[in-house]
Structure formats: structure tokens, C-alpha cells
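Each remark here refers to the structure printed beneath this line.
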Number of protein chains: 2
Amino acid sequence: MNILEELTESLSRLPGIGKKSASRITSFLLRADPAYMQRFSRQIAQIQEKIRPCSVCGAYTENDPCPICDSPSRDRSTLCVVEQPQDVQTIEASREYTGLFHVLGGLIAPLEGIGPDNLSIGRLVSRVKSGGISEVILATNPTVEGDTTALYIQRLLSGTGVRVSRLASGLPVGGDLEYADRLTLARSLRGRVTL
Amino acid sequence: MNILEELTESLSRLPGIGKKSASRITSFLLRADPAYMQRFSRQIAQIQEKIRPCSVCGAYTENDPCPICDSPSRDRSTLCVVEQPQDVQTIEASREYTGLFHVLGGLIAPLEGIGPDNLSIGRLVSRVKSGGISEVILATNPTVEGDTTALYIQRLLSGTGVRVSRLASGLPVGGDLEYADRLTLARSLRGRVTL
């Protein structure tokens, strides 16, 4: 295998990239700006050593604690609970949330052998119990595992007096009633909002 | 911008990769095998310096002349003319062709200011005229530019006594008459084969 084939092989291991896309990307890289190539190569070489999970919230970060946990301007009374570190960036991109985060590191999935003890749920409870938090927003995906995990955490926190909420589920903005599945439509009815 | 955002930005410049795919790939890379990451980074750093166009045929290669031009077992009397270096790999992957290649480096496209002089057509003619070649297969894409370029080369070579052929155009194998466009269907009728 020469370096062209090796690079194509490496690229085709990336999620969502097949053999054809990989060889198209290889052709692109052969003609790309050399400065970009140097930067790109260095980023791949360093990403794993530079990025660590934040010891407070579990989000990916270069500095510990992460800029969000460390920021004096964030609302420290609200905690948004997400499944994975990349969910933090997704929610940050909405520019709607100003509180803190807590990354679970997965969802409860008994069939895959993942129970509450494999997630950072214990640490979440101690964060809440250590005080100062008035609301916990459960932002796990609206799937069976996401709902189960949210319900489990809601029960754990039910005695603490903290408000526990869940992201609204319903029709996506810009979507079409005709293309909504039955369950989404049912949830959007149940969660209808008075105007 | 931290290194996570920088890597996502670099990834989103690749063809066919948007912002969402880029951040999914970044998450994948954070958890990937460190040995793979080292290899991948090195391949990107070295690809441009290691890979050159072959001085004979123009295909991408680590050694000059390329393994195909250099191989004693290839049929030296047939020349397959393609648009870009990556087309060589595509045709090699079919395992149907045993001759040599010639990469044009583009197609004639007057509207984009690309004329015959911007391509390696002159070098193709001298390769043919230097003797030993009995057939030139024009394997440019079945598009307006590909057809124009093929026609242009065919006329240039018409006095040389060399057989000039074109890849067959018609229904793709496994395709469906119903989904074939009018032009493809017309070509497949015109090019019908006696059984």
C-alpha cells in the first residue's frame, strides 16, 4: 500500500465516510493549501493529548475546569444534564442557555449492560445536594433510553426541592405536520402551549 | 478558538463534509485509537511531499515513473486517456484494463478558459507518434466537456492509423430502464450490441 492508499484507508474509517468519499477527500488533500495541511496534521496529532473531560461537568476542554464551569457570568443556579460531551456544544450553539452543564457519559441501557453506576449520576446528585442549584434541565435525547434516564434522575432528585424539567418534545421548527411521526405528533399535542 | 473548534473547522473544509459531520468526526477522533491518530496525522503531513505526478502518464505516484508505466507486465500497445489522476485508480479498480494510461489534467471547457493547450494533449500526440501504440481508449466522462475533448483528440489522431475508441455509454449494470434518462437510453439504443 502506498501513502495515497493508506490515507484513503484512514479517511474511510471516519464515521459517515465511505470508500468513494475517502478517495475524493484524498484528491482534495493532494491539492490543498500546504499551510492548511500542516495545521490539520498538527490538530490530529495533538487533539487527544490537549483535550480532557472537565473535572466538574465532564465536557471536553483544554483547561480544567472548562471555560463554562469557570465563567463568572454563567447562571450557577441552573444545571443542564446531557448524554455526551458534544451535546454541550450543540446546546451552546442555540445561544438560548446561560447555565452550567453536567455530562452523564451515556444513557441507562440495561440491554447493553449500562446501569446508573456506569454514568456520572452519583456526581450529579452530589452537585445538586451541595446547594445553589434551583433547576435541573434533563436534556437527554427523546428516545427510550433518554426518557428512561431522565425519569430515573427525576425520581432521584424528587426529594431535594429542586425543579426538574425536561426539554420540550414536538414538531421541529420548519417541519411539516404531514411528515411528523405518530409519537412526535402525540407528544406535541400533549405538550401543547396556550397562546 | 480552541483546538477542538479548530479541528472541526479543518474537517468542515473537506469536500462533502458539513458542520454537523465535522463535529461528529471530531468526537470520533477524540476517542480513536492513538496509533491510528499518529498514522493519520503523519499521512496528512507527508502526502503532498511524497506524491508527485508521474512524468510519463501524469498519474499520482510515489516513484517516478509510476508502477504502471514501469511494469513489464502491462500491455504497452494500449493507452487509456483519462481526465484526472484519480480516474486511473477508478479504472484500475475495475480489473478489466491491462494497458497504460495518459492523464489529461482536465477537459476542454472554453467557457472556463480551458483550451487544448492547457491540457497534456500535445504530450499524448507525441507518445502516440513515438510508436508502439495500436489503440487509444478515450475514457473521459460522458458529459459535454468529456465528449468534446474525446472528439478533439480523435480528430488529432485520425491520421496516425492508431485505433481510437471511446468507453461504451448506456444503462448502468443493475439499473432500471424506468429510471434511465432520455439521453442515456438513446445512447444505449444507438450502441446496442448483437447477441
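Starting from 1 in every chain, residues are counted up; chains themselves are A, B, ... following the order of the C-alpha cells, and ligands are numbered from 1 as listed.
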
Produce a table with one row for each residue of chain B that has an atom at most 8 Å from any atom of chain A, each row naming the nearest atom pair and its distance in Å at one decimal; use only C-alpha atoms; arrange rows by chain and rising residue number; format as a Markdown table.
| residue | atom | partner | partner_atom | distance |
| --- | --- | --- | --- | --- |
| B:Asn2 | CA | A:Glu62 | CA | 7.3 |
| B:Ile3 | CA | A:Ile47 | CA | 6.7 |
| B:Leu4 | CA | A:Ile47 | CA | 7.0 |
| B:Glu6 | CA | A:Gln43 | CA | 7.5 |
| B:Leu7 | CA | A:Gln43 | CA | 5.8 |
| B:Ser10 | CA | A:Phe40 | CA | 6.1 |
| B:Leu14 | CA | A:Ile25 | CA | 6.3 |
| B:Pro15 | CA | A:Ile25 | CA | 6.2 |
| B:Gly16 | CA | A:Ser21 | CA | 7.5 |
| B:Ser21 | CA | A:Gly16 | CA | 7.5 |
| B:Ser23 | CA | A:Gln86 | CA | 7.9 |
| B:Arg24 | CA | A:Pro15 | CA | 7.5 |
| B:Ile25 | CA | A:Pro15 | CA | 6.2 |
| B:Ser27 | CA | A:Gln86 | CA | 6.9 |
| B:Phe28 | CA | A:Pro15 | CA | 7.3 |
| B:Leu29 | CA | A:Ile44 | CA | 7.8 |
| B:Leu30 | CA | A:Gln48 | CA | 5.5 |
| B:Arg31 | CA | A:Gln48 | CA | 7.7 |
| B:Pro34 | CA | A:Gln48 | CA | 7.8 |
| B:Tyr36 | CA | A:Ser10 | CA | 7.7 |
| B:Met37 | CA | A:Ala45 | CA | 6.4 |
| B:Gln38 | CA | A:Ala45 | CA | 5.9 |
| B:Phe40 | CA | A:Ser10 | CA | 6.1 |
| B:Ser41 | CA | A:Ser41 | CA | 4.5 |
| B:Arg42 | CA | A:Ser41 | CA | 6.8 |
| B:Gln43 | CA | A:Leu7 | CA | 5.8 |
| B:Ile44 | CA | A:Ser41 | CA | 5.6 |
| B:Ala45 | CA | A:Ser41 | CA | 5.5 |
| B:Ile47 | CA | A:Ile3 | CA | 6.7 |
| B:Gln48 | CA | A:Leu30 | CA | 5.5 |
| B:Lys50 | CA | A:Ile3 | CA | 7.8 |
| B:Ile51 | CA | A:Leu4 | CA | 7.6 |
| B:Glu62 | CA | A:Asn2 | CA | 7.3 |
| B:Gln86 | CA | A:Ser27 | CA | 7.0 |

Give me the residues within 12 Å of Leu100 of chain A as a PyMOL selection string, counting only C-alpha atoms and dropping any in the same chain fewer than 3 places off.
chain A and resi 56-59+65-82+88+91-92+97+103+124+127-128+132-137

Selection to disk with N, CA, C and O atoms, as a short mmCIF file (atom, residue, chain, number, x, y, z; two decimals), in the first residue's frame:
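Once everything was written out, this is selection19.cif:
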data_model
loop_
_atom_site.label_atom_id
_atom_site.label_comp_id
_atom_site.auth_asym_id
_atom_site.auth_seq_id
_atom_site.Cartn_x
_atom_site.Cartn_y
_atom_site.Cartn_z
N VAL A 56 -15.32 19.03 36.56
CA VAL A 56 -16.58 19.43 37.19
C VAL A 56 -17.78 18.91 36.40
O VAL A 56 -18.60 18.16 36.91
N CYS A 57 -17.85 19.28 35.09
CA CYS A 57 -19.06 18.95 34.33
C CYS A 57 -18.88 17.79 33.36
O CYS A 57 -19.85 17.20 32.91
N GLY A 58 -17.64 17.46 32.99
CA GLY A 58 -17.41 16.35 32.07
C GLY A 58 -17.36 16.74 30.61
O GLY A 58 -17.19 15.89 29.75
N ALA A 59 -17.51 18.05 30.29
CA ALA A 59 -17.43 18.49 28.89
C ALA A 59 -15.97 18.43 28.41
O ALA A 59 -15.05 18.45 29.23
N PRO A 65 -10.91 23.62 35.46
CA PRO A 65 -12.24 23.39 34.89
C PRO A 65 -12.45 24.12 33.56
O PRO A 65 -11.70 25.04 33.23
N CYS A 66 -13.48 23.69 32.83
CA CYS A 66 -13.74 24.22 31.48
C CYS A 66 -14.20 25.67 31.55
O CYS A 66 -14.62 26.14 32.61
N PRO A 67 -14.11 26.40 30.43
CA PRO A 67 -14.48 27.82 30.43
C PRO A 67 -15.90 28.08 30.92
O PRO A 67 -16.16 29.13 31.51
N ILE A 68 -16.82 27.12 30.70
CA ILE A 68 -18.20 27.33 31.14
C ILE A 68 -18.28 27.24 32.67
O ILE A 68 -18.83 28.11 33.34
N CYS A 69 -17.70 26.16 33.25
CA CYS A 69 -17.73 26.00 34.71
C CYS A 69 -17.00 27.15 35.39
O CYS A 69 -17.29 27.51 36.52
N ASP A 70 -15.99 27.69 34.70
CA ASP A 70 -15.11 28.69 35.27
C ASP A 70 -15.63 30.12 35.09
O ASP A 70 -15.11 31.05 35.70
N SER A 71 -16.65 30.29 34.24
CA SER A 71 -17.10 31.65 33.89
C SER A 71 -17.92 32.28 35.01
O SER A 71 -18.86 31.68 35.52
N PRO A 72 -17.59 33.52 35.39
CA PRO A 72 -18.37 34.20 36.43
C PRO A 72 -19.71 34.70 35.89
O PRO A 72 -20.60 35.03 36.68
N SER A 73 -19.87 34.72 34.56
CA SER A 73 -21.11 35.29 34.00
C SER A 73 -22.20 34.26 33.75
O SER A 73 -23.28 34.61 33.31
N ARG A 74 -21.92 32.97 34.00
CA ARG A 74 -22.96 31.96 33.77
C ARG A 74 -23.89 31.88 34.98
O ARG A 74 -23.47 32.14 36.11
N ASP A 75 -25.12 31.51 34.72
CA ASP A 75 -26.12 31.33 35.77
C ASP A 75 -25.83 30.02 36.52
O ASP A 75 -26.06 28.93 36.00
N ARG A 76 -25.33 30.14 37.78
CA ARG A 76 -24.89 28.94 38.50
C ARG A 76 -26.03 28.21 39.20
O ARG A 76 -25.80 27.24 39.94
N SER A 77 -27.27 28.67 39.00
CA SER A 77 -28.39 28.02 39.68
C SER A 77 -29.10 27.02 38.76
O SER A 77 -30.00 26.32 39.19
N THR A 78 -28.69 26.95 37.49
CA THR A 78 -29.33 26.02 36.56
C THR A 78 -28.30 25.03 36.03
O THR A 78 -27.19 25.41 35.67
N LEU A 79 -28.72 23.77 35.97
CA LEU A 79 -27.83 22.71 35.52
C LEU A 79 -28.51 21.98 34.37
O LEU A 79 -29.65 21.53 34.51
N CYS A 80 -27.84 21.89 33.22
CA CYS A 80 -28.41 21.18 32.08
C CYS A 80 -27.70 19.83 31.96
O CYS A 80 -26.48 19.78 31.81
N VAL A 81 -28.47 18.73 32.04
CA VAL A 81 -27.89 17.39 32.05
C VAL A 81 -27.95 16.81 30.64
O VAL A 81 -29.03 16.71 30.04
N VAL A 82 -26.78 16.46 30.07
CA VAL A 82 -26.74 15.91 28.70
C VAL A 82 -26.04 14.56 28.69
O VAL A 82 -25.34 14.19 29.64
N VAL A 88 -22.91 19.40 24.77
CA VAL A 88 -22.68 20.73 25.36
C VAL A 88 -22.53 21.76 24.24
O VAL A 88 -23.16 22.82 24.26
N ILE A 91 -25.89 22.50 22.49
CA ILE A 91 -26.78 23.39 23.24
C ILE A 91 -26.20 24.81 23.29
O ILE A 91 -26.94 25.79 23.15
N GLU A 92 -24.88 24.92 23.43
CA GLU A 92 -24.26 26.24 23.40
C GLU A 92 -24.54 26.95 22.08
O GLU A 92 -24.77 28.17 22.06
N TYR A 97 -29.12 29.18 26.27
CA TYR A 97 -28.88 28.67 27.62
C TYR A 97 -27.68 29.36 28.25
O TYR A 97 -26.63 29.49 27.62
N VAL A 103 -22.40 16.37 32.20
CA VAL A 103 -22.37 15.32 31.18
C VAL A 103 -22.46 13.96 31.85
O VAL A 103 -21.66 13.64 32.74
N LEU A 124 -23.78 13.86 39.85
CA LEU A 124 -24.84 14.84 39.60
C LEU A 124 -25.62 15.10 40.90
O LEU A 124 -25.85 16.26 41.28
N ARG A 127 -23.63 17.15 43.26
CA ARG A 127 -23.60 18.56 42.83
C ARG A 127 -24.88 19.27 43.25
O ARG A 127 -24.83 20.40 43.75
N VAL A 128 -26.02 18.59 43.04
CA VAL A 128 -27.30 19.21 43.39
C VAL A 128 -27.41 19.40 44.90
O VAL A 128 -27.81 20.45 45.39
N GLY A 132 -27.20 25.55 45.97
CA GLY A 132 -27.03 26.63 45.00
C GLY A 132 -27.76 26.39 43.70
O GLY A 132 -27.89 27.30 42.88
N ILE A 133 -28.24 25.16 43.47
CA ILE A 133 -28.92 24.85 42.21
C ILE A 133 -30.43 24.84 42.43
O ILE A 133 -30.93 24.18 43.34
N SER A 134 -31.15 25.59 41.56
CA SER A 134 -32.60 25.65 41.72
C SER A 134 -33.34 24.87 40.65
O SER A 134 -34.49 24.51 40.81
N GLU A 135 -32.68 24.62 39.50
CA GLU A 135 -33.35 23.85 38.44
C GLU A 135 -32.37 22.94 37.72
O GLU A 135 -31.24 23.34 37.42
N VAL A 136 -32.84 21.71 37.46
CA VAL A 136 -32.07 20.76 36.66
C VAL A 136 -32.86 20.49 35.39
O VAL A 136 -34.01 20.04 35.46
N ILE A 137 -32.27 20.81 34.22
CA ILE A 137 -32.95 20.56 32.95
C ILE A 137 -32.41 19.26 32.37
O ILE A 137 -31.21 19.14 32.10
#

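Residues of segment 39-170 of chain B that DSSP, applied to the backbone, places in strand (DSSP E or B): B:Arg52, B:Pro53, B:Tyr60, B:Thr61, B:Asp75, B:Arg76, B:Ser77, B:Thr78, B:Leu79, B:Cys80, B:Val81, B:Val82, B:Gly99, B:Leu100, B:Phe101, B:His102, B:Val103, B:Ala109, B:Ile114, B:Glu135, B:Val136, B:Ile137, B:Leu138, B:Arg163, B:Val164, B:Ser165, B:Arg166.
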